[in-house]
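Peer 1: target_24.cif is reproduced below (mmCIF, C-alpha atoms).
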data_data
loop_
_atom_site.label_atom_id
_atom_site.label_comp_id
_atom_site.auth_asym_id
_atom_site.auth_seq_id
_atom_site.Cartn_x
_atom_site.Cartn_y
_atom_site.Cartn_z
CA MET N 1 -61.97 82.80 34.18
CA ALA N 2 -61.13 85.11 36.98
CA ILE N 3 -63.94 86.03 39.30
CA LYS N 4 -65.60 89.16 37.97
CA SER N 5 -69.10 89.52 39.28
CA LYS N 6 -70.26 90.66 42.67
CA PRO N 7 -71.32 87.72 44.84
CA ARG N 8 -74.81 87.66 46.30
CA ILE N 9 -75.36 86.99 50.00
CA LYS N 10 -78.59 86.29 51.78
CA ALA N 11 -78.15 86.35 55.56
CA PRO N 12 -80.25 87.81 58.37
CA SER N 13 -78.90 91.10 59.75
CA GLU N 14 -80.19 90.40 63.26
CA ALA N 15 -80.25 87.30 65.43
CA LYS N 16 -80.73 86.27 69.04
CA ALA N 17 -77.72 84.90 70.94
CA GLY N 18 -77.52 81.15 70.36
CA GLU N 19 -79.76 81.26 67.31
CA ILE N 20 -78.67 79.17 64.33
CA ILE N 21 -79.01 81.20 61.14
CA GLU N 22 -78.82 80.11 57.53
CA ILE N 23 -76.57 81.94 55.08
CA LYS N 24 -77.00 81.58 51.33
CA THR N 25 -74.37 82.67 48.83
CA LEU N 26 -74.25 82.79 45.05
CA ILE N 27 -71.43 83.82 42.73
CA SER N 28 -71.22 83.96 38.93
CA HIS N 29 -68.57 81.63 37.58
CA GLU N 30 -68.36 79.24 34.63
CA MET N 31 -66.80 76.46 36.76
CA GLU N 32 -65.10 75.04 33.65
CA SER N 33 -64.81 71.35 34.47
CA GLY N 34 -61.80 70.47 32.31
CA GLN N 35 -63.91 67.72 30.71
CA ARG N 36 -65.34 69.68 27.81
CA LYS N 37 -63.79 69.94 24.36
CA ASP N 38 -63.84 72.98 22.07
CA SER N 39 -64.83 72.86 18.39
CA THR N 40 -61.34 71.73 17.36
CA GLY N 41 -61.46 68.79 19.79
CA LYS N 42 -59.03 70.31 22.25
CA THR N 43 -59.88 69.90 25.93
CA ILE N 44 -60.83 73.18 27.59
CA PRO N 45 -58.62 73.43 30.70
CA ARG N 46 -60.16 73.28 34.14
CA ALA N 47 -60.92 76.68 35.72
CA ILE N 48 -63.05 76.62 38.83
CA ILE N 49 -63.43 78.26 42.21
CA ASN N 50 -61.89 75.62 44.46
CA THR N 51 -62.39 77.01 47.96
CA PHE N 52 -65.10 78.97 49.71
CA THR N 53 -64.52 80.17 53.27
CA ALA N 54 -66.84 81.86 55.73
CA SER N 55 -65.45 83.72 58.75
CA PHE N 56 -67.02 85.74 61.53
CA ASN N 57 -64.98 88.57 63.09
CA GLY N 58 -61.92 87.09 61.40
CA LYS N 59 -62.47 83.55 62.69
CA PRO N 60 -63.19 80.92 60.01
CA PHE N 61 -66.16 78.68 60.86
CA PHE N 62 -67.08 77.00 57.58
CA GLU N 63 -65.13 75.92 54.51
CA ALA N 64 -66.20 74.22 51.32
CA ASN N 65 -63.74 72.66 48.85
CA TRP N 66 -65.44 72.58 45.52
CA PHE N 67 -64.48 70.10 42.83
CA THR N 68 -65.30 70.09 39.14
CA ALA N 69 -68.69 68.50 39.81
CA VAL N 70 -69.99 71.73 41.35
CA SER N 71 -72.41 73.47 38.96
CA ALA N 72 -71.67 76.75 37.19
CA ASN N 73 -72.58 79.87 39.20
CA PRO N 74 -72.02 78.03 42.46
CA TYR N 75 -74.61 78.31 45.19
CA GLN N 76 -73.64 77.46 48.74
CA ALA N 77 -75.90 77.49 51.77
CA PHE N 78 -74.70 76.77 55.32
CA PHE N 79 -75.32 77.72 58.96
CA TYR N 80 -73.86 79.82 61.75
CA LYS N 81 -74.58 79.91 65.45
CA ALA N 82 -74.89 83.56 66.43
CA SER N 83 -73.18 84.63 69.65
CA GLU N 84 -72.07 88.26 69.28
CA SER N 85 -72.43 91.19 66.92
CA GLY N 86 -69.90 91.50 64.16
CA GLU N 87 -69.16 90.95 60.52
CA PHE N 88 -69.05 87.95 58.23
CA THR N 89 -66.35 87.69 55.58
CA PHE N 90 -66.87 85.31 52.69
CA THR N 91 -63.97 84.41 50.41
CA TRP N 92 -63.97 82.62 47.05
CA LYS N 93 -60.62 81.35 45.75
CA ASP N 94 -60.18 80.75 42.04
CA ASP N 95 -57.86 78.18 40.39
CA ASP N 96 -56.01 81.14 38.81
CA GLY N 97 -55.10 82.45 42.26
CA SER N 98 -57.54 85.35 42.30
CA GLU N 99 -59.87 85.91 45.22
CA GLN N 100 -63.13 87.65 45.80
CA THR N 101 -64.60 88.61 49.13
CA ALA N 102 -67.93 89.86 50.39
CA THR N 103 -69.02 90.95 53.86
CA ALA N 104 -72.29 91.05 55.81
CA LYS N 105 -73.04 92.58 59.21
CA LEU N 106 -74.84 90.74 62.00
CA THR N 107 -76.31 92.32 65.10
CA VAL N 108 -76.96 90.03 68.04
CA ALA N 109 -79.56 91.41 70.43
CA MET V 1 -72.79 53.18 -14.55
CA GLN V 2 -75.11 50.38 -13.89
CA LEU V 3 -76.75 49.89 -10.59
CA ARG V 4 -76.82 46.35 -9.41
CA SER V 5 -79.17 45.08 -6.87
CA TRP V 6 -77.41 43.19 -4.10
CA THR V 7 -79.08 40.77 -1.81
CA PRO V 8 -76.84 40.00 1.11
CA SER V 9 -76.42 36.41 2.03
CA ARG V 10 -77.11 35.22 5.55
CA ARG V 11 -73.37 34.93 6.11
CA GLU V 12 -72.77 38.52 5.02
CA ILE V 13 -75.44 39.82 7.38
CA MET V 14 -73.79 37.97 10.26
CA GLU V 15 -70.39 39.45 9.37
CA VAL V 16 -71.66 43.02 9.24
CA GLY V 17 -73.48 42.53 12.52
CA LEU V 18 -70.41 41.17 14.25
CA ALA V 19 -68.22 43.99 12.92
CA SER V 20 -70.52 46.68 14.28
CA VAL V 21 -70.70 45.00 17.69
CA LEU V 22 -66.91 44.91 17.81
CA ALA V 23 -66.63 48.54 16.71
CA ALA V 24 -68.98 49.61 19.50
CA ALA V 25 -67.01 47.65 22.07
CA LEU V 26 -63.68 49.10 20.95
CA ALA V 27 -64.83 52.73 20.63
CA PRO V 28 -63.01 54.93 23.15
CA ARG V 29 -65.21 55.66 26.10
CA LEU V 30 -65.01 58.62 28.45
CA ALA V 31 -63.33 57.42 31.63
CA MET V 32 -65.80 57.53 34.49
CA ALA V 33 -65.43 57.11 38.21
CA THR V 34 -66.71 53.86 39.62
CA GLU V 35 -67.53 52.52 43.06
CA GLU V 36 -63.88 51.42 43.20
CA THR V 37 -62.49 54.91 42.51
CA VAL V 38 -64.69 56.31 45.27
CA ALA V 39 -63.46 53.57 47.62
CA ALA V 40 -59.86 54.42 46.64
CA GLU V 41 -60.42 58.11 47.42
CA LEU V 42 -61.86 57.19 50.81
CA LYS V 43 -58.93 54.91 51.51
CA LYS V 44 -56.58 57.83 50.81
CA LEU V 45 -58.49 59.93 53.34
CA TYR V 46 -59.21 57.46 56.10
CA GLY V 47 -57.40 54.20 55.36
CA ASP V 48 -59.41 51.11 56.23
CA LYS V 49 -61.28 52.69 59.12
CA PRO V 50 -64.77 51.21 59.48
CA MET V 51 -67.78 53.36 58.63
CA ALA V 52 -71.15 53.22 60.27
CA GLY V 53 -74.50 54.04 58.73
CA GLY V 54 -76.98 56.56 60.08
CA LYS V 55 -76.58 60.19 61.23
CA ILE V 56 -76.36 61.54 57.67
CA LYS V 57 -79.41 62.77 55.83
CA LEU V 58 -78.75 63.07 52.10
CA ASP V 59 -81.39 65.18 50.45
CA LEU V 60 -81.35 64.57 46.70
CA PRO V 61 -83.94 64.39 43.95
CA GLU V 62 -84.86 60.84 42.98
CA ILE V 63 -84.93 61.91 39.35
CA ALA V 64 -82.87 64.84 38.06
CA GLU V 65 -84.15 66.10 34.73
CA ASN V 66 -81.08 68.26 34.23
CA GLY V 67 -77.77 66.77 35.30
CA LEU V 68 -76.13 70.21 35.14
CA VAL V 69 -77.86 71.46 38.28
CA VAL V 70 -78.76 68.82 40.82
CA PRO V 71 -79.56 70.20 44.28
CA LEU V 72 -77.66 68.43 47.05
CA ASN V 73 -78.33 68.93 50.72
CA VAL V 74 -76.35 67.10 53.40
CA ASP V 75 -77.40 67.23 57.04
CA VAL V 76 -75.43 65.40 59.73
CA GLU V 77 -76.96 64.82 63.13
CA SER V 78 -74.68 66.28 65.81
CA PRO V 79 -74.93 68.52 68.89
CA MET V 80 -72.14 70.68 67.37
CA THR V 81 -70.47 71.48 70.71
CA GLU V 82 -66.73 71.87 71.35
CA GLN V 83 -66.68 68.25 72.63
CA ASP V 84 -68.80 66.68 69.93
CA TYR V 85 -69.08 68.08 66.44
CA VAL V 86 -68.78 67.14 62.78
CA LYS V 87 -65.33 67.97 61.46
CA ALA V 88 -65.71 67.20 57.77
CA VAL V 89 -68.15 65.88 55.22
CA HIS V 90 -67.01 64.53 51.86
CA VAL V 91 -69.41 63.98 48.98
CA PHE V 92 -68.62 61.68 46.04
CA ALA V 93 -70.43 60.69 42.86
CA ASP V 94 -69.54 57.26 41.48
CA GLY V 95 -70.48 57.87 37.84
CA ASN V 96 -68.88 61.24 37.10
CA PRO V 97 -65.55 61.69 35.29
CA LEU V 98 -64.04 62.60 38.68
CA PRO V 99 -65.45 61.16 41.90
CA GLN V 100 -65.13 64.19 44.20
CA VAL V 101 -68.03 66.63 44.46
CA VAL V 102 -67.47 68.72 47.57
CA THR V 103 -65.75 68.63 50.96
CA TYR V 104 -67.08 70.67 53.88
CA ARG V 105 -65.18 71.60 57.02
CA PHE V 106 -67.38 72.48 59.96
CA THR V 107 -66.66 73.94 63.39
CA PRO V 108 -68.82 74.12 66.53
CA GLN V 109 -69.66 77.71 65.45
CA SER V 110 -71.35 76.29 62.35
CA GLY V 111 -74.24 75.45 64.68
CA LYS V 112 -75.49 72.80 62.33
CA ALA V 113 -73.51 70.38 60.15
CA ALA V 114 -75.64 71.01 57.11
CA ALA V 115 -74.99 72.63 53.74
CA SER V 116 -76.54 72.86 50.29
CA VAL V 117 -74.88 73.11 46.92
CA ARG V 118 -75.79 72.41 43.30
CA MET V 119 -73.81 69.80 41.41
CA ARG V 120 -73.35 68.23 37.99
CA LEU V 121 -74.08 64.55 37.45
CA ALA V 122 -73.00 62.99 34.16
CA GLN V 123 -75.42 60.04 34.33
CA THR V 124 -77.60 58.01 36.67
CA GLN V 125 -75.40 57.17 39.64
CA ASN V 126 -74.94 56.97 43.39
CA VAL V 127 -74.06 59.94 45.55
CA ILE V 128 -72.04 58.98 48.62
CA ALA V 129 -71.46 61.13 51.70
CA VAL V 130 -68.95 60.42 54.46
CA ALA V 131 -68.91 62.40 57.70
CA GLU V 132 -65.94 62.58 60.05
CA MET V 133 -66.88 63.32 63.66
CA SER V 134 -64.63 65.17 66.11
CA ASN V 135 -63.95 61.87 67.94
CA GLY V 136 -62.76 60.30 64.69
CA ALA V 137 -65.85 58.16 64.04
CA LEU V 138 -66.96 57.88 60.42
CA HIS V 139 -70.48 57.69 59.08
CA THR V 140 -71.65 57.15 55.54
CA ALA V 141 -74.81 57.39 53.47
CA LYS V 142 -75.62 56.68 49.84
CA ALA V 143 -78.46 57.67 47.51
CA GLN V 144 -79.13 57.06 43.85
CA VAL V 145 -80.09 59.84 41.46
CA LYS V 146 -81.59 59.04 38.09
CA VAL V 147 -80.34 61.55 35.55
CA THR V 148 -82.39 62.25 32.42
CA ILE V 149 -79.91 64.60 30.68
CA GLY V 150 -76.28 64.25 31.73
CA GLY V 151 -74.33 67.28 32.89
CA CYS V 152 -70.78 66.98 31.73
CA GLY V 153 -70.75 68.71 28.36
CA GLY V 154 -70.33 66.80 25.13
#
Mind converting the file's structure to structure tokens?

Peer 2:
Amino acid sequence: MAIKSKPRIKAPSEAKAGEIIEIKTLISHEMESGQRKDSTGKTIPRAIINTFTASFNGKPFFEANWFTAVSANPYQAFFYKASESGEFTFTWKDDDGSEQTATAKLTVA
Amino acid sequence: MQLRSWTPSRREIMEVGLASVLAAALAPRLAMATEETVAAELKKLYGDKPMAGGKIKLDLPEIAENGLVVPLNVDVESPMTEQDYVKAVHVFADGNPLPQVVTYRFTPQSGKAAASVRMRLAQTQNVIAVAEMSNGALHTAKAQVKVTIGGCGG
């Protein structure tokens, strides 16, 4: 299944310099494990999002490689140490080669 | 047609019992990861490098009612500076069809080597985390999760 839905991001829009902020992301995806069988007994092929990347002002700072054990509609929470104002880019890469991105702005006072 | 009552002899009961035990033992079982498969995966990643305990906090439910969504939080103690930070964290489950769960890559900008995800666990099993520090040191932690309803379809 290609990624269709709009991902959801929960991140503060403002932070102090040096503050460590938590970012929570959620995306709709079946995360088909490749372990299930359909009604005819045929194995349903694996189709998951395998990589999630978080960048700030174009610089990647966190990556998660997801395997088939990650639940459907994957949730990922992680941290970032704020230093300057800018924009986050989050990227989800699907097994089928498709990608989805989302952005969030951060102002550092 | 006439129905005949049949009283099985002791010998017949033993034979039927033995046959069903054999059938159960020979029935194809879903291949599952084991402690050995996890160890093999780790060997592929880090060879025979020794691993220390401590530094990793694995936050997992003791009992997961639903194996389809088990919250997993890993937190590795580190100053997260350019000189000393956590490079990667690998999480494995030793009773799932495949041992890998998730691999995280951190940078000093992560601020904190911690992340949360939700995972599927097929049965009661151990969750193992291995952290690779920027100086190459390895740390590991293990926790058992009891699963009431497995999460791997079927």

Peer 1: Quick one: pull the distance between atom CA of Ser116 of chain V and atom CA of Ile63 of chain V, Å, one decimal.

Peer 2: 17.6 Å

Peer 1: Could you work out how far atom CA of Asp94 of chain N lies from atom CA of Pro108 of chain V, giving the answer in Å with one decimal?

Peer 2: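 Distance reported for this atom pair: 26.8 Å.
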
Peer 1: Which polymer residues have any atom within 10 Å of an atom of Ile27 of chain N, counting all atoms listed in the file, with same-chain residues fewer than 6 positions away left out, as a list in words?

Peer 2: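 These residues fall inside the cut-off: Ile3, Lys4, Ser5, Lys6, Pro7, Arg8, Ile9, Ile49, Ala72, Asn73, Pro74, Tyr75, Gln76, Trp92 and Gln100 of chain N.
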
Peer 1: Check which residues satisfy the PyMOL selection byres ((chain V) within 6 of (chain N)) in the file shown, then give them as a PDB file with C-alpha atoms, in the coordinates of the input.

Peer 2:
ATOM      1  CA  VAL V  69     -77.860  71.460  38.280  1.00  0.00           C
ATOM      2  CA  VAL V 101     -68.030  66.630  44.460  1.00  0.00           C
ATOM      3  CA  VAL V 102     -67.470  68.720  47.570  1.00  0.00           C
ATOM      4  CA  THR V 103     -65.750  68.630  50.960  1.00  0.00           C
ATOM      5  CA  TYR V 104     -67.080  70.670  53.880  1.00  0.00           C
ATOM      6  CA  ARG V 105     -65.180  71.600  57.020  1.00  0.00           C
ATOM      7  CA  PHE V 106     -67.380  72.480  59.960  1.00  0.00           C
ATOM      8  CA  THR V 107     -66.660  73.940  63.390  1.00  0.00           C
ATOM      9  CA  GLN V 109     -69.660  77.710  65.450  1.00  0.00           C
ATOM     10  CA  SER V 110     -71.350  76.290  62.350  1.00  0.00           C
ATOM     11  CA  GLY V 111     -74.240  75.450  64.680  1.00  0.00           C
ATOM     12  CA  LYS V 112     -75.490  72.800  62.330  1.00  0.00           C
ATOM     13  CA  ALA V 115     -74.990  72.630  53.740  1.00  0.00           C
ATOM     14  CA  SER V 116     -76.540  72.860  50.290  1.00  0.00           C
ATOM     15  CA  VAL V 117     -74.880  73.110  46.920  1.00  0.00           C
ATOM     16  CA  ARG V 118     -75.790  72.410  43.300  1.00  0.00           C
ATOM     17  CA  MET V 119     -73.810  69.800  41.410  1.00  0.00           C
ATOM     18  CA  ARG V 120     -73.350  68.230  37.990  1.00  0.00           C
ATOM     19  CA  GLY V 153     -70.750  68.710  28.360  1.00  0.00           C
TER      20      GLY V 153
END

Peer 1: What residues come out when you apply the PyMOL selection byres ((chain N and resi 103) around 9) to this file, written as a PyMOL selection string?

Peer 2: chain N and resi 9+87-91+101-102+104-105

Peer 1: Please, could you write that set of residues out with C-alpha atoms as a compact mmCIF listing (two decimals), keeping the file's coordinate frame?

Peer 2:
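Final file, result36.txt:
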# COMPACT_ATOMS: atom_id res chain seq x y z
CA ILE N 9 -75.36 86.99 50.00
CA GLU N 87 -69.16 90.95 60.52
CA PHE N 88 -69.05 87.95 58.23
CA THR N 89 -66.35 87.69 55.58
CA PHE N 90 -66.87 85.31 52.69
CA THR N 91 -63.97 84.41 50.41
CA THR N 101 -64.60 88.61 49.13
CA ALA N 102 -67.93 89.86 50.39
CA ALA N 104 -72.29 91.05 55.81
CA LYS N 105 -73.04 92.58 59.21

Peer 1: Could you state which residues are captured by the PyMOL selection byres ((chain N and resi 107) around 10) in this file, as an MDAnalysis selection string?

Peer 2: chainID N and resid 12:17 82:87 105:106 108:109

Peer 1: Report, in Å with one decimal, the straight-line distance from atom CA of Glu62 of chain V to atom CA of Val145 of chain V.

Peer 2: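 Those two atoms sit 5.1 Å apart.
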
Peer 1: Between V:Ala39, V:Leu121, V:Ala113, V:Met32, which has the minimum distance to Pro79 of chain V (counting all atoms listed in the file)?

Peer 2: V:Ala113

Peer 1: Please provide the set of residues having any atom within 6 Å of segment 74-77 of chain V, restricted to only C-alpha atoms, with same-chain residues fewer than 3 positions apart removed, written as number ranges by chain.

Peer 2: V: 55-58, 113-115

Peer 1: From the list V:Ile149, V:Gly136, V:Glu41, V:Val130, which residue is nearest Gly53 of chain V when using only C-alpha atoms?

Peer 2: V:Val130

Peer 1: Measuring between only C-alpha atoms, which one of V:Ala33, V:Val127, V:Ala40, V:Gly95 shows the shortest distance to Asn73 of chain V?

Peer 2: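 Result for the nearest residue to Asn73 of chain V: V:Val127.
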
Peer 1: Got a sec: who's within 10 Å of Ile128 of chain V, counting all atoms listed in the file, leaving out chain neighbours fewer than 6 positions off, as a list in words?

Peer 2: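 Everything that qualifies: Glu35, Val38, Leu58, His90, Val91, Phe92, Ala93, Asp94, Pro99, Gln100, Val101, Thr140, Ala141, Lys142, Ala143 and Gln144 of chain V.
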
Peer 1: Calculated over only C-alpha atoms, which of the candidates V:Pro71, V:Pro50, V:Pro97, V:Pro61 has the smallest distance to His139 of chain V?

Peer 2: V:Pro50

Peer 1: Would you mind completing segment 114-125 of chain V to all heavy atoms and writing the output as a PDB file, in the coordinates of the input?

Peer 2:
ATOM      1  N   ALA V 114     -74.797  71.165  58.293  1.00  0.00           N
ATOM      2  CA  ALA V 114     -75.640  71.010  57.110  1.00  0.00           C
ATOM      3  C   ALA V 114     -75.240  72.046  56.080  1.00  0.00           C
ATOM      4  O   ALA V 114     -74.823  73.146  56.438  1.00  0.00           O
ATOM      5  CB  ALA V 114     -77.106  71.187  57.487  1.00  0.00           C
ATOM      6  N   ALA V 115     -75.329  71.694  54.809  1.00  0.00           N
ATOM      7  CA  ALA V 115     -74.990  72.630  53.740  1.00  0.00           C
ATOM      8  C   ALA V 115     -75.652  72.177  52.450  1.00  0.00           C
ATOM      9  O   ALA V 115     -75.910  70.986  52.257  1.00  0.00           O
ATOM     10  CB  ALA V 115     -73.479  72.716  53.566  1.00  0.00           C
ATOM     11  N   SER V 116     -75.928  73.152  51.592  1.00  0.00           N
ATOM     12  CA  SER V 116     -76.540  72.860  50.290  1.00  0.00           C
ATOM     13  C   SER V 116     -75.708  73.434  49.178  1.00  0.00           C
ATOM     14  O   SER V 116     -75.165  74.530  49.293  1.00  0.00           O
ATOM     15  CB  SER V 116     -77.931  73.485  50.194  1.00  0.00           C
ATOM     16  OG  SER V 116     -78.733  73.060  51.239  1.00  0.00           O
ATOM     17  N   VAL V 117     -75.642  72.687  48.083  1.00  0.00           N
ATOM     18  CA  VAL V 117     -74.880  73.110  46.920  1.00  0.00           C
ATOM     19  C   VAL V 117     -75.609  72.551  45.699  1.00  0.00           C
ATOM     20  O   VAL V 117     -76.532  71.747  45.840  1.00  0.00           O
ATOM     21  CB  VAL V 117     -73.411  72.595  47.063  1.00  0.00           C
ATOM     22  CG1 VAL V 117     -73.282  71.123  46.739  1.00  0.00           C
ATOM     23  CG2 VAL V 117     -72.434  73.403  46.237  1.00  0.00           C
ATOM     24  N   ARG V 118     -75.218  72.985  44.515  1.00  0.00           N
ATOM     25  CA  ARG V 118     -75.790  72.410  43.300  1.00  0.00           C
ATOM     26  C   ARG V 118     -74.665  71.752  42.522  1.00  0.00           C
ATOM     27  O   ARG V 118     -73.598  72.339  42.374  1.00  0.00           O
ATOM     28  CB  ARG V 118     -76.463  73.489  42.443  1.00  0.00           C
ATOM     29  CG  ARG V 118     -77.715  74.008  43.089  1.00  0.00           C
ATOM     30  CD  ARG V 118     -78.234  75.208  42.369  1.00  0.00           C
ATOM     31  NE  ARG V 118     -79.294  75.853  43.151  1.00  0.00           N
ATOM     32  CZ  ARG V 118     -79.547  77.145  43.103  1.00  0.00           C
ATOM     33  NH1 ARG V 118     -78.831  77.935  42.332  1.00  0.00           N
ATOM     34  NH2 ARG V 118     -80.518  77.647  43.816  1.00  0.00           N
ATOM     35  N   MET V 119     -74.910  70.524  42.060  1.00  0.00           N
ATOM     36  CA  MET V 119     -73.810  69.800  41.410  1.00  0.00           C
ATOM     37  C   MET V 119     -74.199  69.266  40.043  1.00  0.00           C
ATOM     38  O   MET V 119     -75.368  69.242  39.672  1.00  0.00           O
ATOM     39  CB  MET V 119     -73.362  68.654  42.315  1.00  0.00           C
ATOM     40  CG  MET V 119     -74.439  67.612  42.478  1.00  0.00           C
ATOM     41  SD  MET V 119     -73.883  66.243  43.471  1.00  0.00           S
ATOM     42  CE  MET V 119     -75.445  65.435  43.750  1.00  0.00           C
ATOM     43  N   ARG V 120     -73.158  68.824  39.312  1.00  0.00           N
ATOM     44  CA  ARG V 120     -73.350  68.230  37.990  1.00  0.00           C
ATOM     45  C   ARG V 120     -73.240  66.715  38.114  1.00  0.00           C
ATOM     46  O   ARG V 120     -72.327  66.215  38.771  1.00  0.00           O
ATOM     47  CB  ARG V 120     -72.246  68.711  37.045  1.00  0.00           C
ATOM     48  CG  ARG V 120     -72.226  70.207  36.853  1.00  0.00           C
ATOM     49  CD  ARG V 120     -71.316  70.604  35.701  1.00  0.00           C
ATOM     50  NE  ARG V 120     -70.019  71.027  36.183  1.00  0.00           N
ATOM     51  CZ  ARG V 120     -69.484  72.230  35.917  1.00  0.00           C
ATOM     52  NH1 ARG V 120     -70.140  73.107  35.192  1.00  0.00           N
ATOM     53  NH2 ARG V 120     -68.302  72.533  36.356  1.00  0.00           N
ATOM     54  N   LEU V 121     -74.154  66.013  37.496  1.00  0.00           N
ATOM     55  CA  LEU V 121     -74.080  64.550  37.450  1.00  0.00           C
ATOM     56  C   LEU V 121     -74.128  64.134  35.979  1.00  0.00           C
ATOM     57  O   LEU V 121     -75.038  64.516  35.253  1.00  0.00           O
ATOM     58  CB  LEU V 121     -75.231  63.912  38.224  1.00  0.00           C
ATOM     59  CG  LEU V 121     -75.234  64.093  39.747  1.00  0.00           C
ATOM     60  CD1 LEU V 121     -76.448  63.426  40.359  1.00  0.00           C
ATOM     61  CD2 LEU V 121     -73.965  63.554  40.385  1.00  0.00           C
ATOM     62  N   ALA V 122     -73.133  63.358  35.564  1.00  0.00           N
ATOM     63  CA  ALA V 122     -73.000  62.990  34.160  1.00  0.00           C
ATOM     64  C   ALA V 122     -74.037  61.954  33.724  1.00  0.00           C
ATOM     65  O   ALA V 122     -74.376  61.875  32.558  1.00  0.00           O
ATOM     66  CB  ALA V 122     -71.597  62.465  33.894  1.00  0.00           C
ATOM     67  N   GLN V 123     -74.500  61.132  34.655  1.00  0.00           N
ATOM     68  CA  GLN V 123     -75.420  60.040  34.330  1.00  0.00           C
ATOM     69  C   GLN V 123     -76.082  59.563  35.616  1.00  0.00           C
ATOM     70  O   GLN V 123     -75.746  60.039  36.693  1.00  0.00           O
ATOM     71  CB  GLN V 123     -74.639  58.897  33.689  1.00  0.00           C
ATOM     72  CG  GLN V 123     -73.508  58.410  34.601  1.00  0.00           C
ATOM     73  CD  GLN V 123     -72.640  57.344  33.982  1.00  0.00           C
ATOM     74  OE1 GLN V 123     -72.923  56.866  32.916  1.00  0.00           O
ATOM     75  NE2 GLN V 123     -71.583  56.951  34.674  1.00  0.00           N
ATOM     76  N   THR V 124     -76.978  58.607  35.479  1.00  0.00           N
ATOM     77  CA  THR V 124     -77.600  58.010  36.670  1.00  0.00           C
ATOM     78  C   THR V 124     -76.506  57.354  37.506  1.00  0.00           C
ATOM     79  O   THR V 124     -75.678  56.626  36.980  1.00  0.00           O
ATOM     80  CB  THR V 124     -78.646  56.979  36.232  1.00  0.00           C
ATOM     81  OG1 THR V 124     -79.670  57.684  35.524  1.00  0.00           O
ATOM     82  CG2 THR V 124     -79.245  56.256  37.423  1.00  0.00           C
ATOM     83  N   GLN V 125     -76.474  57.667  38.787  1.00  0.00           N
ATOM     84  CA  GLN V 125     -75.400  57.170  39.640  1.00  0.00           C
ATOM     85  C   GLN V 125     -75.717  57.336  41.118  1.00  0.00           C
ATOM     86  O   GLN V 125     -76.730  57.903  41.478  1.00  0.00           O
ATOM     87  CB  GLN V 125     -74.109  57.900  39.307  1.00  0.00           C
ATOM     88  CG  GLN V 125     -74.217  59.406  39.493  1.00  0.00           C
ATOM     89  CD  GLN V 125     -72.969  60.110  39.027  1.00  0.00           C
ATOM     90  OE1 GLN V 125     -71.938  59.969  39.639  1.00  0.00           O
ATOM     91  NE2 GLN V 125     -73.046  60.848  37.938  1.00  0.00           N
TER      92      GLN V 125
END
